[in-house]
$ cat model_6.cif   # mmCIF, C-alpha atoms and all ligand atoms
data_start
loop_
_atom_site.label_atom_id
_atom_site.label_comp_id
_atom_site.auth_asym_id
_atom_site.auth_seq_id
_atom_site.Cartn_x
_atom_site.Cartn_y
_atom_site.Cartn_z
CA MET A 1 8.78 10.39 -15.48
CA THR A 2 11.23 8.10 -17.21
CA LYS A 3 9.99 5.07 -19.05
CA ASN A 4 11.74 2.71 -16.70
CA TYR A 5 10.43 4.33 -13.55
CA ILE A 6 8.77 2.17 -10.92
CA LYS A 7 7.23 3.78 -7.88
CA ILE A 8 7.78 2.26 -4.46
CA SER A 9 5.01 3.19 -2.05
CA GLU A 10 5.95 2.65 1.59
CA VAL A 11 2.98 1.43 3.63
CA GLY A 12 4.78 0.41 6.83
CA PRO A 13 3.58 3.35 8.93
CA ARG A 14 0.01 2.27 8.12
CA ASP A 15 -0.18 -1.42 7.22
CA GLY A 16 2.80 -2.30 9.38
CA LEU A 17 1.99 -0.39 12.51
CA GLN A 18 -1.71 -1.27 12.55
CA SER A 19 -0.86 -4.92 13.06
CA ILE A 20 1.54 -4.31 15.93
CA LYS A 21 0.21 -3.91 19.45
CA GLN A 22 2.92 -1.50 20.49
CA VAL A 23 2.21 2.13 19.64
CA MET A 24 5.11 3.85 17.93
CA PRO A 25 5.62 7.34 19.34
CA LEU A 26 4.78 10.17 16.94
CA GLU A 27 8.33 11.51 17.02
CA ALA A 28 9.70 8.15 15.85
CA LYS A 29 7.11 7.99 13.06
CA LYS A 30 8.12 11.45 11.94
CA ALA A 31 11.80 10.45 11.93
CA TRP A 32 10.95 7.29 9.97
CA VAL A 33 8.96 9.15 7.31
CA SER A 34 11.61 11.87 6.99
CA ALA A 35 14.48 9.40 6.69
CA GLU A 36 12.72 7.21 4.18
CA ALA A 37 11.71 10.17 2.04
CA ALA A 38 15.31 11.39 2.22
CA ALA A 39 16.41 7.94 1.01
CA GLY A 40 14.33 8.61 -2.09
CA VAL A 41 11.09 6.73 -1.47
CA PRO A 42 8.60 8.91 -3.38
CA GLU A 43 5.30 7.96 -1.71
CA ILE A 44 4.45 7.02 1.88
CA GLU A 45 1.10 5.91 3.25
CA VAL A 46 1.49 7.47 6.66
CA GLY A 47 -1.66 6.26 8.36
CA SER A 48 -5.34 5.59 8.31
CA PHE A 49 -8.18 7.90 9.31
CA VAL A 50 -9.98 5.44 11.55
CA PRO A 51 -11.38 6.05 15.04
CA PRO A 52 -8.58 5.77 17.64
CA ARG A 53 -10.62 3.19 19.59
CA ILE A 54 -10.30 0.81 16.62
CA LEU A 55 -6.64 1.42 15.84
CA PRO A 56 -4.95 3.38 18.64
CA GLN A 57 -1.63 2.78 16.85
CA LEU A 58 -2.71 5.22 14.14
CA ALA A 59 -4.45 7.82 16.33
CA ASP A 60 -1.88 10.47 15.39
CA THR A 61 -2.35 10.15 11.62
CA ALA A 62 -3.41 13.80 11.15
CA GLU A 63 -0.30 15.04 12.96
CA LEU A 64 1.91 12.71 10.94
CA VAL A 65 0.30 13.91 7.71
CA ALA A 66 1.02 17.51 8.73
CA HIS A 67 4.67 16.59 9.21
CA ALA A 68 4.91 14.57 6.00
CA LEU A 69 3.42 17.46 3.99
CA THR A 70 6.45 19.59 4.92
CA ILE A 71 8.76 17.18 3.05
CA PRO A 72 9.28 18.53 -0.47
CA GLY A 73 8.17 16.23 -3.26
CA LEU A 74 6.82 13.45 -1.05
CA ILE A 75 3.43 12.03 -2.03
CA VAL A 76 1.53 11.71 1.24
CA ALA A 77 -1.06 8.96 1.18
CA ALA A 78 -3.59 7.72 3.71
CA LEU A 79 -6.16 4.97 3.98
CA ILE A 80 -9.76 5.83 4.72
CA PRO A 81 -12.47 3.33 5.65
CA ASN A 82 -15.46 5.63 5.07
CA LEU A 83 -16.82 9.13 4.41
CA LYS A 84 -15.89 10.37 7.87
CA GLY A 85 -12.31 9.21 7.32
CA ALA A 86 -12.28 10.92 3.93
CA GLU A 87 -13.45 14.19 5.48
CA ASN A 88 -10.60 14.02 7.96
CA ALA A 89 -8.08 13.08 5.27
CA LEU A 90 -9.16 15.99 3.08
CA LYS A 91 -8.98 18.33 6.06
CA ALA A 92 -5.44 17.09 6.71
CA GLY A 93 -4.55 17.74 3.06
CA VAL A 94 -3.23 14.35 1.86
CA HIS A 95 -2.28 13.87 -1.79
CA LYS A 96 -3.80 10.43 -2.17
CA ILE A 97 -6.54 8.50 -0.41
CA THR A 98 -7.27 4.82 -0.74
CA ILE A 99 -10.50 3.22 0.32
CA PRO A 100 -10.26 -0.54 0.76
CA LEU A 101 -13.10 -2.53 -0.70
CA SER A 102 -12.82 -6.16 0.21
CA ALA A 103 -13.73 -8.53 -2.61
CA SER A 104 -14.81 -10.91 0.12
CA GLU A 105 -18.01 -9.54 1.61
CA THR A 106 -17.38 -11.53 4.80
CA HIS A 107 -14.04 -9.75 5.20
CA SER A 108 -15.64 -6.41 4.33
CA LEU A 109 -18.16 -6.85 7.12
CA LYS A 110 -15.41 -7.75 9.59
CA ASN A 111 -13.04 -5.02 8.43
CA VAL A 112 -15.34 -2.03 7.97
CA ASN A 113 -18.74 -3.45 8.90
CA ARG A 114 -20.22 -2.77 5.46
CA THR A 115 -21.61 -4.73 2.52
CA HIS A 116 -20.39 -4.14 -1.05
CA THR A 117 -23.45 -2.05 -1.88
CA GLN A 118 -22.93 0.11 1.18
CA MET A 119 -19.25 0.56 0.30
CA ILE A 120 -19.99 1.65 -3.27
CA THR A 121 -22.50 4.21 -1.95
CA GLU A 122 -19.79 5.43 0.43
CA VAL A 123 -17.35 5.72 -2.50
CA LYS A 124 -19.89 7.85 -4.42
CA ASN A 125 -20.30 10.16 -1.44
CA ILE A 126 -16.53 10.51 -1.06
CA ALA A 127 -16.11 11.25 -4.78
CA ALA A 128 -18.75 13.99 -4.45
CA LEU A 129 -16.87 15.43 -1.48
CA ILE A 130 -13.63 15.46 -3.48
CA ASN A 131 -15.29 17.03 -6.51
CA ASN A 132 -16.46 19.93 -4.34
CA LEU A 133 -12.83 20.92 -3.82
CA PRO A 134 -10.96 23.20 -6.22
CA LYS A 135 -9.22 21.07 -8.86
CA ASP A 136 -5.70 21.63 -7.50
CA LYS A 137 -6.75 20.53 -4.00
CA ARG A 138 -8.27 17.21 -4.99
CA PRO A 139 -6.38 14.14 -3.80
CA LYS A 140 -6.01 11.13 -6.05
CA PHE A 141 -8.75 8.70 -5.09
CA GLU A 142 -7.96 5.00 -5.31
CA GLY A 143 -10.31 2.12 -4.73
CA GLY A 144 -8.15 -0.65 -3.36
CA ILE A 145 -9.71 -4.07 -3.95
CA SER A 146 -8.52 -6.09 -0.98
CA THR A 147 -8.56 -9.89 -0.63
CA ALA A 148 -8.43 -9.76 -4.45
CA PHE A 149 -6.50 -13.02 -4.68
CA GLY A 150 -8.46 -14.93 -2.08
CA CYS A 151 -9.72 -14.62 1.46
CA THR A 152 -8.87 -16.48 4.65
CA LEU A 153 -12.59 -16.48 5.46
CA GLU A 154 -14.23 -17.06 2.05
CA GLY A 155 -11.43 -18.78 0.13
CA LYS A 156 -11.32 -18.33 -3.63
CA ILE A 157 -12.72 -15.13 -5.11
CA GLU A 158 -13.98 -15.37 -8.68
CA THR A 159 -12.41 -13.05 -11.28
CA ASP A 160 -15.86 -11.90 -12.42
CA LYS A 161 -16.55 -10.60 -8.95
CA ILE A 162 -13.31 -8.58 -8.99
CA LEU A 163 -14.15 -7.16 -12.42
CA ALA A 164 -17.64 -6.14 -11.29
CA LEU A 165 -16.21 -4.42 -8.21
CA ALA A 166 -13.46 -2.69 -10.22
CA SER A 167 -15.96 -1.29 -12.65
CA ALA A 168 -18.35 -0.28 -9.85
CA LEU A 169 -15.51 1.60 -8.13
CA MET A 170 -14.64 3.49 -11.32
CA ASP A 171 -18.32 4.29 -11.98
CA ALA A 172 -18.66 5.55 -8.42
CA GLY A 173 -15.89 8.09 -9.01
CA CYS A 174 -12.51 6.56 -8.19
CA ASP A 175 -9.55 7.77 -10.26
CA GLU A 176 -8.13 4.29 -10.32
CA VAL A 177 -8.34 0.87 -8.73
CA GLY A 178 -5.60 -1.13 -7.06
CA LEU A 179 -5.32 -4.83 -6.30
CA SER A 180 -4.39 -5.96 -2.80
CA ASP A 181 -3.26 -9.41 -1.85
CA THR A 182 -4.29 -8.88 1.76
CA THR A 183 -3.98 -12.55 2.61
CA GLY A 184 -0.80 -13.46 0.73
CA TYR A 185 -2.63 -15.90 -1.57
CA ALA A 186 -1.35 -14.47 -4.85
CA THR A 187 0.90 -16.48 -7.16
CA PRO A 188 2.66 -15.13 -10.26
CA ARG A 189 0.23 -16.62 -12.78
CA HIS A 190 -2.76 -15.47 -10.76
CA VAL A 191 -1.26 -11.97 -10.72
CA VAL A 192 -0.88 -11.98 -14.50
CA LYS A 193 -4.41 -13.28 -15.01
CA LEU A 194 -6.05 -10.77 -12.69
CA VAL A 195 -3.97 -7.76 -13.78
CA LYS A 196 -4.76 -8.44 -17.44
CA ALA A 197 -8.45 -8.97 -16.71
CA VAL A 198 -8.84 -5.84 -14.58
CA LYS A 199 -6.86 -3.67 -17.02
CA GLY A 200 -9.14 -5.01 -19.73
CA GLU A 201 -12.17 -3.99 -17.68
CA VAL A 202 -11.18 -0.50 -16.47
CA GLY A 203 -8.44 0.50 -18.94
CA ASN A 204 -4.69 0.24 -18.71
CA GLU A 205 -4.14 3.56 -16.96
CA HIS A 206 -6.73 2.88 -14.26
CA LEU A 207 -4.87 -0.05 -12.71
CA THR A 208 -1.26 0.78 -11.92
CA GLY A 209 -0.72 -0.39 -8.35
CA LEU A 210 -0.33 -3.67 -6.55
CA HIS A 211 -0.29 -4.29 -2.80
CA ILE A 212 1.35 -7.59 -2.00
CA HIS A 213 2.02 -9.54 1.17
CA ASN A 214 4.82 -12.04 1.46
CA THR A 215 2.92 -14.64 3.46
CA ARG A 216 3.98 -17.56 1.26
CA GLY A 217 7.30 -16.16 0.13
CA LEU A 218 6.04 -15.32 -3.36
CA GLY A 219 5.95 -11.55 -2.94
CA LEU A 220 8.85 -10.63 -5.21
CA ALA A 221 7.97 -13.31 -7.76
CA ASN A 222 4.54 -11.68 -7.95
CA VAL A 223 6.19 -8.29 -8.46
CA VAL A 224 8.22 -9.61 -11.40
CA ALA A 225 5.08 -11.07 -12.96
CA ALA A 226 3.25 -7.75 -12.53
CA LEU A 227 6.16 -5.71 -13.93
CA ASP A 228 5.80 -7.54 -17.21
CA HIS A 229 2.13 -6.54 -17.39
CA GLY A 230 2.25 -2.82 -16.83
CA ILE A 231 2.08 -2.44 -13.06
CA THR A 232 4.20 0.57 -12.08
CA THR A 233 3.52 1.11 -8.36
CA PHE A 234 4.26 -1.43 -5.64
CA ASP A 235 3.38 -1.14 -1.96
CA ALA A 236 5.95 -2.47 0.48
CA SER A 237 6.85 -2.05 4.11
CA LEU A 238 10.20 -1.40 5.66
CA GLY A 239 11.43 -4.53 7.41
CA GLY A 240 8.35 -6.32 6.08
CA ILE A 241 6.28 -5.41 9.08
CA GLY A 242 2.54 -5.58 8.60
CA GLY A 243 -0.47 -7.78 8.16
CA CYS A 244 -4.16 -7.41 8.69
CA PRO A 245 -5.63 -7.66 12.18
CA PHE A 246 -8.93 -8.87 10.69
CA ALA A 247 -7.56 -11.54 8.32
CA PRO A 248 -6.18 -14.28 10.56
CA GLY A 249 -2.84 -15.65 9.45
CA ALA A 250 -2.07 -12.80 7.05
CA SER A 251 1.52 -11.71 7.56
CA GLY A 252 3.67 -8.79 6.51
CA ASN A 253 4.05 -6.86 3.31
CA ILE A 254 6.88 -7.40 0.87
CA VAL A 255 10.07 -5.87 2.24
CA THR A 256 10.79 -2.39 0.88
CA GLU A 257 14.55 -2.95 1.01
CA ASP A 258 14.42 -6.22 -0.98
CA LEU A 259 11.98 -4.71 -3.49
CA ALA A 260 14.21 -1.66 -3.98
CA PHE A 261 17.27 -3.86 -4.48
CA MET A 262 15.52 -6.15 -6.94
CA LEU A 263 14.14 -3.29 -9.02
CA ASP A 264 17.50 -1.52 -9.01
CA SER A 265 19.33 -4.68 -10.06
CA MET A 266 16.83 -5.13 -12.91
CA GLY A 267 17.67 -1.66 -14.20
CA TYR A 268 14.46 0.05 -13.11
CA LYS A 269 14.68 3.59 -11.78
CA THR A 270 13.18 3.99 -8.32
CA GLY A 271 15.06 7.04 -7.05
CA VAL A 272 15.94 5.10 -3.90
CA ASP A 273 19.42 5.14 -2.35
CA LEU A 274 19.77 1.57 -1.06
CA ASP A 275 22.33 2.26 1.68
CA ALA A 276 20.29 5.19 2.99
CA LEU A 277 17.17 3.02 2.93
CA PHE A 278 18.84 0.24 4.93
CA LYS A 279 19.80 2.79 7.59
CA VAL A 280 16.14 3.72 8.12
CA ARG A 281 15.74 0.31 9.79
CA GLU A 282 17.67 1.59 12.79
CA ILE A 283 14.98 4.19 13.50
CA VAL A 284 12.18 1.63 13.25
CA GLN A 285 14.02 -1.01 15.26
CA GLU A 286 14.85 1.43 18.03
CA ALA A 287 11.22 2.53 18.30
CA LEU A 288 9.92 -1.08 18.15
CA PRO A 289 12.55 -3.08 20.04
CA ASP A 290 10.32 -6.17 20.32
CA GLU A 291 9.52 -6.40 16.61
CA GLU A 292 11.52 -8.55 14.26
CA LEU A 293 12.46 -6.73 11.08
CA TYR A 294 12.69 -8.88 7.96
CA GLY A 295 14.69 -8.39 4.79
CA PHE A 296 17.23 -10.58 3.04
CA THR A 297 19.20 -7.79 1.37
CA PRO A 298 19.77 -5.62 4.43
CA ASP A 299 20.74 -8.74 6.42
CA ALA A 300 23.17 -10.08 3.83
CA GLY A 301 24.36 -6.73 2.48
CA LEU A 302 24.66 -5.71 -1.14
CA PRO A 303 26.82 -7.94 -3.39
CA LYS A 304 30.49 -6.94 -3.33
CA GLY A 305 31.12 -3.94 -5.56
CA TYR A 306 27.40 -3.50 -6.37
CA PRO A 307 26.16 -2.03 -8.70
CA ILE A 308 29.25 -2.14 -10.93
CA GLY A 309 29.03 -5.17 -13.17
CA TYR A 310 25.80 -6.48 -11.67
CA LYS A 311 23.03 -4.80 -13.61
CA VAL A 312 22.16 -6.78 -16.70
ZN ZN A 401 -1.86 -5.02 3.42
#
$ encode --input "model_6.cif" --output "structure tokens" --more "lines below"
Ligand code: ZN
Amino acid sequence: MTKNYIKISEVGPRDGLQSIKQVMPLEAKKAWVSAEAAAGVPEIEVGSFVPPRILPQLADTAELVAHALTIPGLIVAALIPNLKGAENALKAGVHKITIPLSASETHSLKNVNRTHTQMITEVKNIAALINNLPKDKRPKFEGGISTAFGCTLEGKIETDKILALASALMDAGCDEVGLSDTTGYATPRHVVKLVKAVKGEVGNEHLTGLHIHNTRGLGLANVVAALDHGITTFDASLGGIGGCPFAPGASGNIVTEDLAFMLDSMGYKTGVDLDALFKVREIVQEALPDEELYGFTPDAGLPKGYPIGYKV
């Protein structure tokens, strides 16, 4: 991995589709994942192992994982809310699982119906399950601290609470923690403060990823702030679709296309072919004709002659 490498993790098929009423047909999801991987996106969170009655939009996650695993080199990720979800994710053979732990206990109860203590016990049980697998079959296990920058239900979340949860997740057996701005409350200075504090608590290599929403238009500014403080993986969704059905007012993720353009223009290596990435929108738009796709760069087009003379 080159020094300047930044990983873009596409979460649209999970975070995006779970917030849209319309169910995208499996064939369209497969085409989306294939096209985006072909455009060079290295990691895709293809779904969530939740009961279909809760999120019918993601009921075909196991089938989509099976398809995604046939794509050479792609890191196939999935979200899991609990032990049962983890069992299904392991059965499906994903490379990475993320369990969301909401820093706001009110949100945790609404989202997964569990307190912090119950969630940490669940994390321990999942870690035990993973450790029973042969070493080469173990997925990377991330504890994603959601509502880390504030909650629409509880408001401000104290840094000490985040640090306690981060360290509890690591002690319970996670390989790393991630920070999620589920509600779009993050600002650049808050990002710097929290990233530094959490890295200080769990160690530099155990916090590498950030999951940002663009609710207040600060998504990319937050990315730039995080880049300067050692964050190397950013979640984003194609066309900026997404949100959280249980956090009222939370809107979509940062736009993959804009993120890829910004990183490229800053001289970071992402492996993404921008023109090929922009074309993936056609697949998503065709399958979701009623959804508005966002993205400044794909709308405006790349600057004339880009990249020659533009990268500084
Ligand atoms: Zn999200």
$ closest_residue --input "model_6.cif" --among "A:Ala236, A:Leu101, A:Met266, A:Ile231" --to "ligand ZN 401 (chain A)" --atoms "all atoms listed in the file"
A:Ala236
$ residues_around --input "model_6.cif" --residues "stretch 17-33 of chain A" --least-positions-apart "3" --cutoff "8 Å" --atoms "all atoms listed in the file" --output "list in words"
Gly12, Pro13, Arg14, Glu36, Ala37, Ile44, Val46, Leu55, Pro56, Gln57, Leu58, Asp60, Leu64, His67, Ala68, Ile241, Gly242, Gly243, Cys244, Pro245, Val280, Ile283, Val284, Ala287 and Leu288 of chain A
$ write_last_selection --input "model_6.cif" --atoms "C-alpha atoms" --output "CSV table (one decimal), in the coordinates of the input"
chain,number,residue,atom,x,y,z
A,12,GLY,CA,4.8,0.4,6.8
A,13,PRO,CA,3.6,3.4,8.9
A,14,ARG,CA,0.0,2.3,8.1
A,36,GLU,CA,12.7,7.2,4.2
A,37,ALA,CA,11.7,10.2,2.0
A,44,ILE,CA,4.4,7.0,1.9
A,46,VAL,CA,1.5,7.5,6.7
A,55,LEU,CA,-6.6,1.4,15.8
A,56,PRO,CA,-5.0,3.4,18.6
A,57,GLN,CA,-1.6,2.8,16.8
A,58,LEU,CA,-2.7,5.2,14.1
A,60,ASP,CA,-1.9,10.5,15.4
A,64,LEU,CA,1.9,12.7,10.9
A,67,HIS,CA,4.7,16.6,9.2
A,68,ALA,CA,4.9,14.6,6.0
A,241,ILE,CA,6.3,-5.4,9.1
A,242,GLY,CA,2.5,-5.6,8.6
A,243,GLY,CA,-0.5,-7.8,8.2
A,244,CYS,CA,-4.2,-7.4,8.7
A,245,PRO,CA,-5.6,-7.7,12.2
A,280,VAL,CA,16.1,3.7,8.1
A,283,ILE,CA,15.0,4.2,13.5
A,284,VAL,CA,12.2,1.6,13.2
A,287,ALA,CA,11.2,2.5,18.3
A,288,LEU,CA,9.9,-1.1,18.2
$ closest_atom_pairs --input "model_6.cif" --of "chain A" --to "ligand ZN 401 (chain A)" --cutoff "9 Å" --atoms "only C-alpha atoms and all ligand atoms" --output "Markdown table"
| residue | atom | partner | partner_atom | distance |
| --- | --- | --- | --- | --- |
| A:Val11 | CA | A:ZN401 | ZN | 8.1 |
| A:Arg14 | CA | A:ZN401 | ZN | 8.9 |
| A:Asp15 | CA | A:ZN401 | ZN | 5.5 |
| A:Gly16 | CA | A:ZN401 | ZN | 8.0 |
| A:Ser146 | CA | A:ZN401 | ZN | 8.1 |
| A:Ser180 | CA | A:ZN401 | ZN | 6.8 |
| A:Asp181 | CA | A:ZN401 | ZN | 7.0 |
| A:Thr182 | CA | A:ZN401 | ZN | 4.9 |
| A:Thr183 | CA | A:ZN401 | ZN | 7.9 |
| A:Gly184 | CA | A:ZN401 | ZN | 8.9 |
| A:His211 | CA | A:ZN401 | ZN | 6.5 |
| A:Ile212 | CA | A:ZN401 | ZN | 6.8 |
| A:His213 | CA | A:ZN401 | ZN | 6.4 |
| A:Asp235 | CA | A:ZN401 | ZN | 8.5 |
| A:Ala236 | CA | A:ZN401 | ZN | 8.7 |
| A:Gly242 | CA | A:ZN401 | ZN | 6.8 |
| A:Gly243 | CA | A:ZN401 | ZN | 5.7 |
| A:Cys244 | CA | A:ZN401 | ZN | 6.2 |
| A:Ala250 | CA | A:ZN401 | ZN | 8.6 |
| A:Ser251 | CA | A:ZN401 | ZN | 8.6 |
| A:Gly252 | CA | A:ZN401 | ZN | 7.4 |
| A:Asn253 | CA | A:ZN401 | ZN | 6.2 |
$ atom_distance --input "model_6.cif" --atom1 "atom CA of A:Val223" --atom2 "atom CA of A:Ala89"
29.1 Å
$ residues_near_point --input "model_6.cif" --point "(5.7, -5.3, -9.2)" --cutoff "7 Å" --atoms "all atoms listed in the file" --output "PyMOL selection string"
chain A and resi 210+222-227+231-234
$ residues_around --input "model_6.cif" --residues "A:Ala128" --least-positions-apart "3" --cutoff "12 Å" --atoms "only C-alpha atoms" --output "list in words"
Leu83, Ala86, Glu87, Thr121, Glu122, Val123, Lys124, Asn125, Asn131, Asn132, Leu133, Arg138, Phe141, Ala172, Gly173 and Cys174 of chain A
$ atom_distance --input "model_6.cif" --atom1 "atom CA of A:Asp275" --atom2 "atom CA of A:Ala300"
12.6 Å
$ residues_around --input "model_6.cif" --residues "stretch 69-78 of chain A" --least-positions-apart "6" --cutoff "7 Å" --atoms "only C-alpha atoms" --output "mmCIF file with C-alpha atoms, in the coordinates of the input"
data_model
loop_
_atom_site.group_PDB
_atom_site.id
_atom_site.type_symbol
_atom_site.label_atom_id
_atom_site.label_comp_id
_atom_site.auth_asym_id
_atom_site.auth_seq_id
_atom_site.Cartn_x
_atom_site.Cartn_y
_atom_site.Cartn_z
ATOM 1 C CA ALA A 37 11.710 10.170 2.040
ATOM 2 C CA PRO A 42 8.600 8.910 -3.380
ATOM 3 C CA GLU A 43 5.300 7.960 -1.710
ATOM 4 C CA ILE A 44 4.450 7.020 1.880
ATOM 5 C CA GLU A 45 1.100 5.910 3.250
ATOM 6 C CA VAL A 46 1.490 7.470 6.660
ATOM 7 C CA GLY A 47 -1.660 6.260 8.360
ATOM 8 C CA SER A 48 -5.340 5.590 8.310
ATOM 9 C CA VAL A 94 -3.230 14.350 1.860
ATOM 10 C CA HIS A 95 -2.280 13.870 -1.790
ATOM 11 C CA LYS A 96 -3.800 10.430 -2.170
ATOM 12 C CA ILE A 97 -6.540 8.500 -0.410
ATOM 13 C CA THR A 98 -7.270 4.820 -0.740
#
$ atom_distance --input "model_6.cif" --atom1 "atom CA of A:Asp160" --atom2 "atom CA of A:Leu220"
25.8 Å
$ build_atoms --input "model_6.cif" --residues "stretch 179-198 of chain A" --atoms "N, CA, C and O atoms" --output "CSV table (one decimal), in the coordinates of the input"
chain,number,residue,atom,x,y,z
A,179,LEU,N,-5.1,-3.4,-6.7
A,179,LEU,CA,-5.3,-4.8,-6.3
A,179,LEU,C,-4.5,-5.1,-5.1
A,179,LEU,O,-3.3,-4.9,-5.1
A,180,SER,N,-5.1,-5.6,-4.0
A,180,SER,CA,-4.4,-6.0,-2.8
A,180,SER,C,-4.5,-7.4,-2.5
A,180,SER,O,-5.6,-8.0,-2.4
A,181,ASP,N,-3.3,-8.0,-2.3
A,181,ASP,CA,-3.3,-9.4,-1.8
A,181,ASP,C,-3.2,-9.4,-0.3
A,181,ASP,O,-2.1,-9.8,0.2
A,182,THR,N,-4.2,-9.0,0.3
A,182,THR,CA,-4.3,-8.9,1.8
A,182,THR,C,-3.8,-10.1,2.5
A,182,THR,O,-3.2,-10.1,3.6
A,183,THR,N,-4.2,-11.3,1.9
A,183,THR,CA,-4.0,-12.6,2.6
A,183,THR,C,-2.7,-13.3,2.2
A,183,THR,O,-2.4,-14.4,2.7
A,184,GLY,N,-2.0,-12.8,1.2
A,184,GLY,CA,-0.8,-13.5,0.7
A,184,GLY,C,-1.1,-14.7,-0.1
A,184,GLY,O,-0.4,-15.7,0.0
A,185,TYR,N,-2.2,-14.7,-0.8
A,185,TYR,CA,-2.6,-15.9,-1.6
A,185,TYR,C,-2.1,-15.8,-3.0
A,185,TYR,O,-2.2,-16.8,-3.8
A,186,ALA,N,-1.7,-14.7,-3.4
A,186,ALA,CA,-1.4,-14.5,-4.8
A,186,ALA,C,-0.2,-15.3,-5.3
A,186,ALA,O,0.8,-15.6,-4.5
A,187,THR,N,-0.2,-15.8,-6.5
A,187,THR,CA,0.9,-16.5,-7.2
A,187,THR,C,1.1,-15.8,-8.5
A,187,THR,O,0.3,-15.1,-9.0
A,188,PRO,N,2.4,-15.9,-9.1
A,188,PRO,CA,2.7,-15.1,-10.3
A,188,PRO,C,1.6,-15.3,-11.4
A,188,PRO,O,1.2,-14.3,-12.0
A,189,ARG,N,1.2,-16.5,-11.7
A,189,ARG,CA,0.2,-16.6,-12.8
A,189,ARG,C,-1.1,-16.0,-12.5
A,189,ARG,O,-1.8,-15.5,-13.3
A,190,HIS,N,-1.5,-16.1,-11.2
A,190,HIS,CA,-2.8,-15.5,-10.8
A,190,HIS,C,-2.7,-14.0,-10.9
A,190,HIS,O,-3.6,-13.3,-11.4
A,191,VAL,N,-1.5,-13.4,-10.6
A,191,VAL,CA,-1.3,-12.0,-10.7
A,191,VAL,C,-1.4,-11.6,-12.2
A,191,VAL,O,-2.2,-10.6,-12.5
A,192,VAL,N,-0.8,-12.3,-13.1
A,192,VAL,CA,-0.9,-12.0,-14.5
A,192,VAL,C,-2.3,-12.0,-15.0
A,192,VAL,O,-2.8,-11.1,-15.6
A,193,LYS,N,-3.0,-13.1,-14.6
A,193,LYS,CA,-4.4,-13.3,-15.0
A,193,LYS,C,-5.3,-12.1,-14.5
A,193,LYS,O,-6.1,-11.5,-15.3
A,194,LEU,N,-5.2,-11.8,-13.3
A,194,LEU,CA,-6.0,-10.8,-12.7
A,194,LEU,C,-5.7,-9.4,-13.2
A,194,LEU,O,-6.6,-8.6,-13.5
A,195,VAL,N,-4.4,-9.1,-13.3
A,195,VAL,CA,-4.0,-7.8,-13.8
A,195,VAL,C,-4.5,-7.6,-15.2
A,195,VAL,O,-5.1,-6.5,-15.5
A,196,LYS,N,-4.3,-8.5,-16.0
A,196,LYS,CA,-4.8,-8.4,-17.4
A,196,LYS,C,-6.3,-8.2,-17.5
A,196,LYS,O,-6.8,-7.4,-18.2
A,197,ALA,N,-7.0,-9.0,-16.7
A,197,ALA,CA,-8.4,-9.0,-16.7
A,197,ALA,C,-8.9,-7.6,-16.2
A,197,ALA,O,-9.8,-7.0,-16.8
A,198,VAL,N,-8.4,-7.1,-15.1
A,198,VAL,CA,-8.8,-5.8,-14.6
A,198,VAL,C,-8.5,-4.7,-15.5
A,198,VAL,O,-9.2,-3.8,-15.7
